[in-house]
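Structure file run_33.pdb (PDB, C-alpha atoms) is printed below.
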```
ATOM      1  CA  VAL X   1      37.028  26.156  96.578
ATOM      2  CA  TYR X   2      34.823  27.377  93.735
ATOM      3  CA  LEU X   3      36.208  30.444  91.929
ATOM      4  CA  ALA X   4      33.428  32.845  90.906
ATOM      5  CA  GLY X   5      34.131  36.070  89.078
ATOM      6  CA  GLY X   6      35.524  37.670  85.975
ATOM      7  CA  MET X   7      36.992  35.466  83.281
ATOM      8  CA  HIS X   8      39.887  37.808  82.504
ATOM      9  CA  GLY X   9      43.020  38.803  84.364
ATOM     10  CA  ASP X  10      45.261  36.695  86.574
ATOM     11  CA  TRP X  11      43.263  36.793  89.817
ATOM     12  CA  ARG X  12      42.469  33.059  89.601
ATOM     13  CA  GLU X  13      46.144  32.167  89.288
ATOM     14  CA  GLN X  14      46.977  34.418  92.240
ATOM     15  CA  VAL X  15      44.424  32.643  94.441
ATOM     16  CA  GLN X  16      45.433  29.142  93.355
ATOM     17  CA  SER X  17      49.154  29.775  93.777
ATOM     18  CA  ALA X  18      48.685  31.188  97.296
ATOM     19  CA  VAL X  19      46.300  28.580  98.718
ATOM     20  CA  ASP X  20      46.734  24.815  98.991
ATOM     21  CA  ALA X  21      43.249  23.534  98.168
ATOM     22  CA  THR X  22      41.192  21.769  95.513
ATOM     23  CA  PHE X  23      39.775  24.378  93.150
ATOM     24  CA  TYR X  24      36.793  24.310  90.819
ATOM     25  CA  ASP X  25      37.504  26.902  88.146
ATOM     26  CA  PRO X  26      34.913  27.501  85.419
ATOM     27  CA  CYS X  27      37.736  28.655  83.137
ATOM     28  CA  ASP X  28      39.080  25.088  83.118
ATOM     29  CA  HIS X  29      36.271  23.570  81.052
ATOM     30  CA  TRP X  30      35.423  24.054  77.423
ATOM     31  CA  LEU X  31      31.751  23.205  77.114
ATOM     32  CA  ASP X  32      29.694  23.959  74.039
ATOM     33  CA  THR X  33      26.425  25.409  75.302
ATOM     34  CA  LEU X  34      25.252  27.757  78.007
ATOM     35  CA  GLU X  35      23.104  24.923  79.375
ATOM     36  CA  GLU X  36      26.147  22.635  79.731
ATOM     37  CA  TYR X  37      28.214  25.426  81.219
ATOM     38  CA  GLY X  38      25.515  26.358  83.732
ATOM     39  CA  ALA X  39      25.020  22.748  84.823
ATOM     40  CA  TRP X  40      28.789  22.315  85.373
ATOM     41  CA  ASP X  41      28.990  25.553  87.345
ATOM     42  CA  LEU X  42      26.082  24.864  89.684
ATOM     43  CA  HIS X  43      27.187  21.261  90.265
ATOM     44  CA  HIS X  44      30.643  22.404  91.337
ATOM     45  CA  VAL X  45      29.343  25.347  93.384
ATOM     46  CA  ALA X  46      27.270  22.846  95.395
ATOM     47  CA  LYS X  47      30.236  20.465  95.683
ATOM     48  CA  ALA X  48      32.592  23.146  97.048
ATOM     49  CA  ASP X  49      32.866  23.988 100.726
ATOM     50  CA  ILE X  50      33.878  27.558  99.900
ATOM     51  CA  CYS X  51      32.935  29.987  97.139
ATOM     52  CA  PHE X  52      35.585  32.650  96.540
ATOM     53  CA  THR X  53      34.063  35.488  94.523
ATOM     54  CA  PHE X  54      36.141  38.236  92.922
ATOM     55  CA  ILE X  55      34.375  41.211  91.360
ATOM     56  CA  GLY X  56      37.102  43.343  89.847
ATOM     57  CA  ARG X  57      36.531  46.962  88.912
ATOM     58  CA  ASP X  58      36.399  46.001  85.230
ATOM     59  CA  ASN X  59      33.987  43.038  85.403
ATOM     60  CA  PRO X  60      31.425  43.970  82.736
ATOM     61  CA  SER X  61      28.275  42.251  84.027
ATOM     62  CA  CYS X  62      28.795  40.266  87.259
ATOM     63  CA  ILE X  63      25.704  38.185  86.453
ATOM     64  CA  GLY X  64      27.494  34.829  86.442
ATOM     65  CA  ALA X  65      29.339  35.563  89.670
ATOM     66  CA  ALA X  66      26.132  36.823  91.279
ATOM     67  CA  THR X  67      24.330  33.594  90.359
ATOM     68  CA  GLU X  68      27.171  31.411  91.627
ATOM     69  CA  THR X  69      27.538  33.432  94.833
ATOM     70  CA  GLY X  70      23.826  33.339  95.609
ATOM     71  CA  TYR X  71      23.659  29.615  94.892
ATOM     72  CA  ALA X  72      26.672  28.955  97.127
ATOM     73  CA  ALA X  73      24.992  30.832  99.961
ATOM     74  CA  ALA X  74      21.761  28.877  99.403
ATOM     75  CA  VAL X  75      23.518  25.491  99.643
ATOM     76  CA  GLY X  76      25.378  26.535 102.795
ATOM     77  CA  SER X  77      28.888  27.089 101.474
ATOM     78  CA  LEU X  78      31.151  29.667 103.075
ATOM     79  CA  VAL X  79      31.192  32.680 100.737
ATOM     80  CA  ILE X  80      34.260  34.925 100.699
ATOM     81  CA  SER X  81      33.892  37.893  98.354
ATOM     82  CA  VAL X  82      36.274  40.542  97.134
ATOM     83  CA  LEU X  83      34.387  43.536  95.765
ATOM     84  CA  GLU X  84      36.796  46.102  94.353
ATOM     85  CA  PRO X  85      35.494  49.659  94.842
ATOM     86  CA  GLY X  86      35.080  52.106  91.991
ATOM     87  CA  HIS X  87      33.453  49.688  89.548
ATOM     88  CA  LEU X  88      33.763  50.894  85.954
ATOM     89  CA  HIS X  89      30.419  49.569  84.628
ATOM     90  CA  HIS X  90      28.038  49.640  87.600
ATOM     91  CA  GLU X  91      27.504  51.872  90.586
ATOM     92  CA  ASP X  92      29.159  50.329  93.629
ATOM     93  CA  GLU X  93      25.741  50.010  95.273
ATOM     94  CA  LYS X  94      24.620  47.617  92.511
ATOM     95  CA  VAL X  95      27.675  45.426  93.029
ATOM     96  CA  ALA X  96      27.319  45.611  96.805
ATOM     97  CA  PHE X  97      24.200  43.417  96.769
ATOM     98  CA  LEU X  98      26.689  40.530  96.698
ATOM     99  CA  ARG X  99      27.492  41.383 100.313
ATOM    100  CA  ALA X 100      24.092  40.003 101.301
ATOM    101  CA  ALA X 101      25.061  36.570  99.967
ATOM    102  CA  SER X 102      28.600  36.728 101.372
ATOM    103  CA  ASP X 103      29.782  35.674 104.791
ATOM    104  CA  VAL X 104      32.708  38.082 104.610
ATOM    105  CA  THR X 105      33.764  40.726 102.072
ATOM    106  CA  PHE X 106      36.982  42.535 101.283
ATOM    107  CA  GLN X 107      37.966  45.351  98.946
ATOM    108  CA  LYS X 108      41.395  43.989  97.966
ATOM    109  CA  LEU X 109      42.264  40.630  96.436
ATOM    110  CA  ASP X 110      45.242  40.128  98.763
ATOM    111  CA  SER X 111      42.996  40.528 101.811
ATOM    112  CA  GLY X 112      40.562  37.913 100.492
ATOM    113  CA  ILE X 113      43.406  35.512  99.707
ATOM    114  CA  ASN X 114      44.884  35.983 103.188
ATOM    115  CA  TYR X 115      41.516  35.157 104.739
ATOM    116  CA  LEU X 116      41.047  32.098 102.490
ATOM    117  CA  GLN X 117      44.449  30.774 103.613
ATOM    118  CA  HIS X 118      42.993  30.263 107.105
ATOM    119  CA  TYR X 119      40.720  27.552 105.683
ATOM    120  CA  ALA X 120      43.340  25.677 103.649
TER
END
```
Written as structure tokens, that's how I'd like the structure from this file.
Amino acid sequence: VYLAGGMHGDWREQVQSAVDATFYDPCDHWLDTLEEYGAWDLHHVAKADICFTFIGRDNPSCIGAATETGYAAAVGSLVISVLEPGHLHHEDEKVAFLRAASDVTFQKLDSGINYLQHYA
């Protein structure tokens, strides 16, 4: 499972503690350049069977998660997205474009985790 989304908060820990799976978490590597980071991300997105995307209300840009989510959809991975409503930096309609790349979307993290558990 590739974890796409904001780099802050404990959402990644919540997902990993609730689901028995192999996770690819971009927070786990400490690469030096954007080029290295991007190569690692896209390699592991393609390697994963599932992309779990979390766009919290406070995610400032969503550009990394959008790239990872779109790439996951392009390589045929199952994409499960949690798009919290009431985004603080973007109109919800601008975040909602991620629905087009997602197989299923939820508004609450717990709901997305519960769904992901069916694949573990």
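Our summary of the geometry notes that CA of Gly38 (chain X) is positioned 14.0 Å from CA of Gly5 (chain X).
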Each side padded by 3 Å, which centre and which edge lengths in Å (one decimal) define the axis-aligned box around the listed atoms of region 103-106 of chain X? Give them as lines of an AutoDock Vina configuration file.
```
center_x = 33.4
center_y = 39.1
center_z = 103.0
size_x = 13.2
size_y = 12.9
size_z = 9.5
```
#### Entry: Contacts of region 61-74 of chain X within 6 Å, only C-alpha atoms, excl. fewer than 2 positions in-chain, as a PyMOL selection string
chain X and resi 4-5+45+59+76-77+101
### Task
Please work out which residues fall within 12 Å of (31.0, 17.7, 99.5), coordinates as given in the file, with only C-alpha atoms counting, and return them as JSON, numbers by chain.
{"X": [1, 2, 22, 43, 44, 45, 46, 47, 48, 49, 50, 75, 76, 77]}
Once you have the residues from the selection above, write them out as a PDB file, keeping the file's coordinate frame, restricted to C-alpha atoms.
```pdb
ATOM      1  CA  VAL X   1      37.028  26.156  96.578  1.00  0.00           C
ATOM      2  CA  TYR X   2      34.823  27.377  93.735  1.00  0.00           C
ATOM      3  CA  THR X  22      41.192  21.769  95.513  1.00  0.00           C
ATOM      4  CA  HIS X  43      27.187  21.261  90.265  1.00  0.00           C
ATOM      5  CA  HIS X  44      30.643  22.404  91.337  1.00  0.00           C
ATOM      6  CA  VAL X  45      29.343  25.347  93.384  1.00  0.00           C
ATOM      7  CA  ALA X  46      27.270  22.846  95.395  1.00  0.00           C
ATOM      8  CA  LYS X  47      30.236  20.465  95.683  1.00  0.00           C
ATOM      9  CA  ALA X  48      32.592  23.146  97.048  1.00  0.00           C
ATOM     10  CA  ASP X  49      32.866  23.988 100.726  1.00  0.00           C
ATOM     11  CA  ILE X  50      33.878  27.558  99.900  1.00  0.00           C
ATOM     12  CA  VAL X  75      23.518  25.491  99.643  1.00  0.00           C
ATOM     13  CA  GLY X  76      25.378  26.535 102.795  1.00  0.00           C
ATOM     14  CA  SER X  77      28.888  27.089 101.474  1.00  0.00           C
TER      15      SER X  77
END
```
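When only C-alpha atoms are used to compute distances to Tyr119 (chain X), the closest of the residues X:Phe52, X:Tyr24, X:Trp30, X:Trp11 turns out to be X:Phe52.
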## Note on the structure
With distances taken over all atoms listed in the file, the candidate from X:Val79, X:Phe23, X:Glu93, X:Leu98 nearest Cys51 (chain X) is X:Val79
#### Entry: Proximity to Gln16 (chain X) - best of X:Gly86, X:Ser81, X:Glu36, X:Gln117, all atoms listed in the file
X:Gln117
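For the pair CA of His89 (chain X) and CA of Asp58 (chain X), the interatomic distance is 7.0 Å.
Going from CA of His118 (chain X) over to CA of Leu83 (chain X), you cover 19.5 Å.
Running the PyMOL selection byres ((chain X and resi 111) around 12) on this file leaves Val15, Ala18, Phe54, Ile80, Ser81, Val82, Leu83, Glu84, Val104, Thr105, Phe106, Gln107, Lys108, Leu109, Asp110, Gly112, Ile113, Asn114, Tyr115, Leu116, Gln117 and His118 of chain X selected.
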#### Entry: Residue among X:His87, X:Arg99, X:Ser17, X:Leu42 lying closest to Gly56 (chain X), counting only C-alpha atoms
X:His87
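Using only C-alpha atoms, the shortest contact distance between Cys27 (chain X) and any of X:Ala96, X:Pro85, X:Leu3, X:Ala120 is found at X:Leu3.
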For all heavy atoms, please extract region 16-32 of chain X from the block and return it as a PDB file, in the first residue's frame.
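Listed below is the output, part.pdb:
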```pdb
ATOM      1  N   GLN X  16      -1.400   2.529   9.217  1.00  0.00           N
ATOM      2  CA  GLN X  16      -0.468   1.405   9.367  1.00  0.00           C
ATOM      3  C   GLN X  16      -0.769   0.554  10.601  1.00  0.00           C
ATOM      4  O   GLN X  16      -0.568  -0.659  10.570  1.00  0.00           O
ATOM      5  CB  GLN X  16       0.965   1.921   9.409  1.00  0.00           C
ATOM      6  CG  GLN X  16       1.406   2.475   8.063  1.00  0.00           C
ATOM      7  CD  GLN X  16       2.827   2.963   8.058  1.00  0.00           C
ATOM      8  OE1 GLN X  16       3.745   2.212   8.350  1.00  0.00           O
ATOM      9  NE2 GLN X  16       3.018   4.229   7.732  1.00  0.00           N
ATOM     10  N   SER X  17      -1.253   1.164  11.659  1.00  0.00           N
ATOM     11  CA  SER X  17      -1.554   0.384  12.861  1.00  0.00           C
ATOM     12  C   SER X  17      -2.852  -0.404  12.723  1.00  0.00           C
ATOM     13  O   SER X  17      -3.054  -1.400  13.414  1.00  0.00           O
ATOM     14  CB  SER X  17      -1.595   1.277  14.099  1.00  0.00           C
ATOM     15  OG  SER X  17      -2.692   2.161  14.044  1.00  0.00           O
ATOM     16  N   ALA X  18      -3.728   0.013  11.806  1.00  0.00           N
ATOM     17  CA  ALA X  18      -5.031  -0.647  11.661  1.00  0.00           C
ATOM     18  C   ALA X  18      -5.055  -1.714  10.577  1.00  0.00           C
ATOM     19  O   ALA X  18      -5.972  -2.540  10.542  1.00  0.00           O
ATOM     20  CB  ALA X  18      -6.106   0.396  11.348  1.00  0.00           C
ATOM     21  N   VAL X  19      -4.047  -1.723   9.701  1.00  0.00           N
ATOM     22  CA  VAL X  19      -4.072  -2.615   8.543  1.00  0.00           C
ATOM     23  C   VAL X  19      -2.775  -3.419   8.498  1.00  0.00           C
ATOM     24  O   VAL X  19      -1.681  -2.864   8.585  1.00  0.00           O
ATOM     25  CB  VAL X  19      -4.246  -1.803   7.234  1.00  0.00           C
ATOM     26  CG1 VAL X  19      -4.240  -2.720   6.027  1.00  0.00           C
ATOM     27  CG2 VAL X  19      -5.527  -0.972   7.288  1.00  0.00           C
ATOM     28  N   ASP X  20      -2.912  -4.726   8.317  1.00  0.00           N
ATOM     29  CA  ASP X  20      -1.755  -5.608   8.203  1.00  0.00           C
ATOM     30  C   ASP X  20      -1.369  -5.714   6.728  1.00  0.00           C
ATOM     31  O   ASP X  20      -1.980  -6.473   5.973  1.00  0.00           O
ATOM     32  CB  ASP X  20      -2.094  -6.990   8.780  1.00  0.00           C
ATOM     33  CG  ASP X  20      -0.916  -7.942   8.749  1.00  0.00           C
ATOM     34  OD1 ASP X  20       0.239  -7.463   8.708  1.00  0.00           O
ATOM     35  OD2 ASP X  20      -1.152  -9.159   8.738  1.00  0.00           O
ATOM     36  N   ALA X  21      -0.388  -4.904   6.330  1.00  0.00           N
ATOM     37  CA  ALA X  21       0.041  -4.876   4.932  1.00  0.00           C
ATOM     38  C   ALA X  21       1.470  -4.348   4.863  1.00  0.00           C
ATOM     39  O   ALA X  21       2.002  -3.843   5.852  1.00  0.00           O
ATOM     40  CB  ALA X  21      -0.887  -3.975   4.115  1.00  0.00           C
ATOM     41  N   THR X  22       2.081  -4.454   3.708  1.00  0.00           N
ATOM     42  CA  THR X  22       3.365  -3.813   3.444  1.00  0.00           C
ATOM     43  C   THR X  22       3.066  -2.400   2.964  1.00  0.00           C
ATOM     44  O   THR X  22       2.264  -2.216   2.054  1.00  0.00           O
ATOM     45  CB  THR X  22       4.146  -4.585   2.364  1.00  0.00           C
ATOM     46  OG1 THR X  22       4.390  -5.908   2.832  1.00  0.00           O
ATOM     47  CG2 THR X  22       5.463  -3.896   2.039  1.00  0.00           C
ATOM     48  N   PHE X  23       3.695  -1.425   3.582  1.00  0.00           N
ATOM     49  CA  PHE X  23       3.447  -0.025   3.253  1.00  0.00           C
ATOM     50  C   PHE X  23       4.687   0.617   2.636  1.00  0.00           C
ATOM     51  O   PHE X  23       5.810   0.333   3.045  1.00  0.00           O
ATOM     52  CB  PHE X  23       3.052   0.765   4.507  1.00  0.00           C
ATOM     53  CG  PHE X  23       1.679   0.437   4.996  1.00  0.00           C
ATOM     54  CD1 PHE X  23       1.482  -0.521   5.971  1.00  0.00           C
ATOM     55  CD2 PHE X  23       0.571   1.084   4.463  1.00  0.00           C
ATOM     56  CE1 PHE X  23       0.213  -0.841   6.415  1.00  0.00           C
ATOM     57  CE2 PHE X  23      -0.708   0.779   4.899  1.00  0.00           C
ATOM     58  CZ  PHE X  23      -0.883  -0.191   5.879  1.00  0.00           C
ATOM     59  N   TYR X  24       4.446   1.476   1.671  1.00  0.00           N
ATOM     60  CA  TYR X  24       5.469   2.347   1.104  1.00  0.00           C
ATOM     61  C   TYR X  24       5.082   3.753   1.524  1.00  0.00           C
ATOM     62  O   TYR X  24       4.075   4.299   1.078  1.00  0.00           O
ATOM     63  CB  TYR X  24       5.516   2.227  -0.422  1.00  0.00           C
ATOM     64  CG  TYR X  24       5.798   0.823  -0.869  1.00  0.00           C
ATOM     65  CD1 TYR X  24       4.811   0.069  -1.487  1.00  0.00           C
ATOM     66  CD2 TYR X  24       7.042   0.238  -0.665  1.00  0.00           C
ATOM     67  CE1 TYR X  24       5.049  -1.234  -1.892  1.00  0.00           C
ATOM     68  CE2 TYR X  24       7.291  -1.067  -1.070  1.00  0.00           C
ATOM     69  CZ  TYR X  24       6.296  -1.792  -1.687  1.00  0.00           C
ATOM     70  OH  TYR X  24       6.528  -3.081  -2.087  1.00  0.00           O
ATOM     71  N   ASP X  25       5.887   4.327   2.407  1.00  0.00           N
ATOM     72  CA  ASP X  25       5.589   5.626   3.002  1.00  0.00           C
ATOM     73  C   ASP X  25       6.684   6.613   2.629  1.00  0.00           C
ATOM     74  O   ASP X  25       7.834   6.445   3.039  1.00  0.00           O
ATOM     75  CB  ASP X  25       5.504   5.469   4.521  1.00  0.00           C
ATOM     76  CG  ASP X  25       5.096   6.736   5.242  1.00  0.00           C
ATOM     77  OD1 ASP X  25       5.086   7.822   4.618  1.00  0.00           O
ATOM     78  OD2 ASP X  25       4.799   6.654   6.446  1.00  0.00           O
ATOM     79  N   PRO X  26       6.384   7.635   1.844  1.00  0.00           N
ATOM     80  CA  PRO X  26       7.410   8.591   1.454  1.00  0.00           C
ATOM     81  C   PRO X  26       8.029   9.342   2.625  1.00  0.00           C
ATOM     82  O   PRO X  26       9.093   9.946   2.473  1.00  0.00           O
ATOM     83  CB  PRO X  26       6.697   9.541   0.492  1.00  0.00           C
ATOM     84  CG  PRO X  26       5.254   9.312   0.675  1.00  0.00           C
ATOM     85  CD  PRO X  26       5.080   7.948   1.252  1.00  0.00           C
ATOM     86  N   CYS X  27       7.425   9.290   3.785  1.00  0.00           N
ATOM     87  CA  CYS X  27       8.023   9.917   4.971  1.00  0.00           C
ATOM     88  C   CYS X  27       9.180   9.081   5.530  1.00  0.00           C
ATOM     89  O   CYS X  27       9.934   9.562   6.368  1.00  0.00           O
ATOM     90  CB  CYS X  27       6.973  10.117   6.054  1.00  0.00           C
ATOM     91  SG  CYS X  27       5.782  11.400   5.667  1.00  0.00           S
ATOM     92  N   ASP X  28       9.314   7.842   5.067  1.00  0.00           N
ATOM     93  CA  ASP X  28      10.333   6.951   5.607  1.00  0.00           C
ATOM     94  C   ASP X  28      11.706   7.126   4.963  1.00  0.00           C
ATOM     95  O   ASP X  28      12.665   6.522   5.408  1.00  0.00           O
ATOM     96  CB  ASP X  28       9.906   5.485   5.450  1.00  0.00           C
ATOM     97  CG  ASP X  28       8.808   5.103   6.423  1.00  0.00           C
ATOM     98  OD1 ASP X  28       8.572   5.850   7.396  1.00  0.00           O
ATOM     99  OD2 ASP X  28       8.179   4.057   6.198  1.00  0.00           O
ATOM    100  N   HIS X  29      11.821   7.896   3.902  1.00  0.00           N
ATOM    101  CA  HIS X  29      13.132   8.069   3.286  1.00  0.00           C
ATOM    102  C   HIS X  29      13.615   9.505   3.469  1.00  0.00           C
ATOM    103  O   HIS X  29      12.833  10.418   3.653  1.00  0.00           O
ATOM    104  CB  HIS X  29      13.114   7.662   1.805  1.00  0.00           C
ATOM    105  CG  HIS X  29      12.221   8.504   0.939  1.00  0.00           C
ATOM    106  ND1 HIS X  29      12.542   9.777   0.564  1.00  0.00           N
ATOM    107  CD2 HIS X  29      11.036   8.239   0.359  1.00  0.00           C
ATOM    108  CE1 HIS X  29      11.594  10.259  -0.208  1.00  0.00           C
ATOM    109  NE2 HIS X  29      10.658   9.356  -0.337  1.00  0.00           N
ATOM    110  N   TRP X  30      14.906   9.625   3.444  1.00  0.00           N
ATOM    111  CA  TRP X  30      15.524  10.947   3.616  1.00  0.00           C
ATOM    112  C   TRP X  30      16.461  11.196   2.440  1.00  0.00           C
ATOM    113  O   TRP X  30      17.670  11.106   2.558  1.00  0.00           O
ATOM    114  CB  TRP X  30      16.296  11.012   4.938  1.00  0.00           C
ATOM    115  CG  TRP X  30      15.384  10.798   6.088  1.00  0.00           C
ATOM    116  CD1 TRP X  30      15.203   9.641   6.781  1.00  0.00           C
ATOM    117  CD2 TRP X  30      14.479  11.735   6.655  1.00  0.00           C
ATOM    118  NE1 TRP X  30      14.242   9.808   7.757  1.00  0.00           N
ATOM    119  CE2 TRP X  30      13.779  11.095   7.695  1.00  0.00           C
ATOM    120  CE3 TRP X  30      14.190  13.066   6.382  1.00  0.00           C
ATOM    121  CZ2 TRP X  30      12.821  11.740   8.462  1.00  0.00           C
ATOM    122  CZ3 TRP X  30      13.234  13.699   7.146  1.00  0.00           C
ATOM    123  CH2 TRP X  30      12.570  13.040   8.170  1.00  0.00           C
ATOM    124  N   LEU X  31      15.884  11.492   1.297  1.00  0.00           N
ATOM    125  CA  LEU X  31      16.670  11.727   0.098  1.00  0.00           C
ATOM    126  C   LEU X  31      17.025  13.203  -0.010  1.00  0.00           C
ATOM    127  O   LEU X  31      16.373  14.051   0.587  1.00  0.00           O
ATOM    128  CB  LEU X  31      15.884  11.246  -1.125  1.00  0.00           C
ATOM    129  CG  LEU X  31      15.556   9.743  -1.079  1.00  0.00           C
ATOM    130  CD1 LEU X  31      14.596   9.364  -2.187  1.00  0.00           C
ATOM    131  CD2 LEU X  31      16.815   8.910  -1.155  1.00  0.00           C
ATOM    132  N   ASP X  32      18.050  13.486  -0.789  1.00  0.00           N
ATOM    133  CA  ASP X  32      18.590  14.846  -0.822  1.00  0.00           C
ATOM    134  C   ASP X  32      17.923  15.782  -1.814  1.00  0.00           C
ATOM    135  O   ASP X  32      17.817  16.976  -1.561  1.00  0.00           O
ATOM    136  CB  ASP X  32      20.091  14.798  -1.137  1.00  0.00           C
ATOM    137  CG  ASP X  32      20.882  14.148   0.000  1.00  0.00           C
ATOM    138  OD1 ASP X  32      20.496  14.314   1.171  1.00  0.00           O
ATOM    139  OD2 ASP X  32      21.878  13.479  -0.295  1.00  0.00           O
TER     140      ASP X  32
END
```
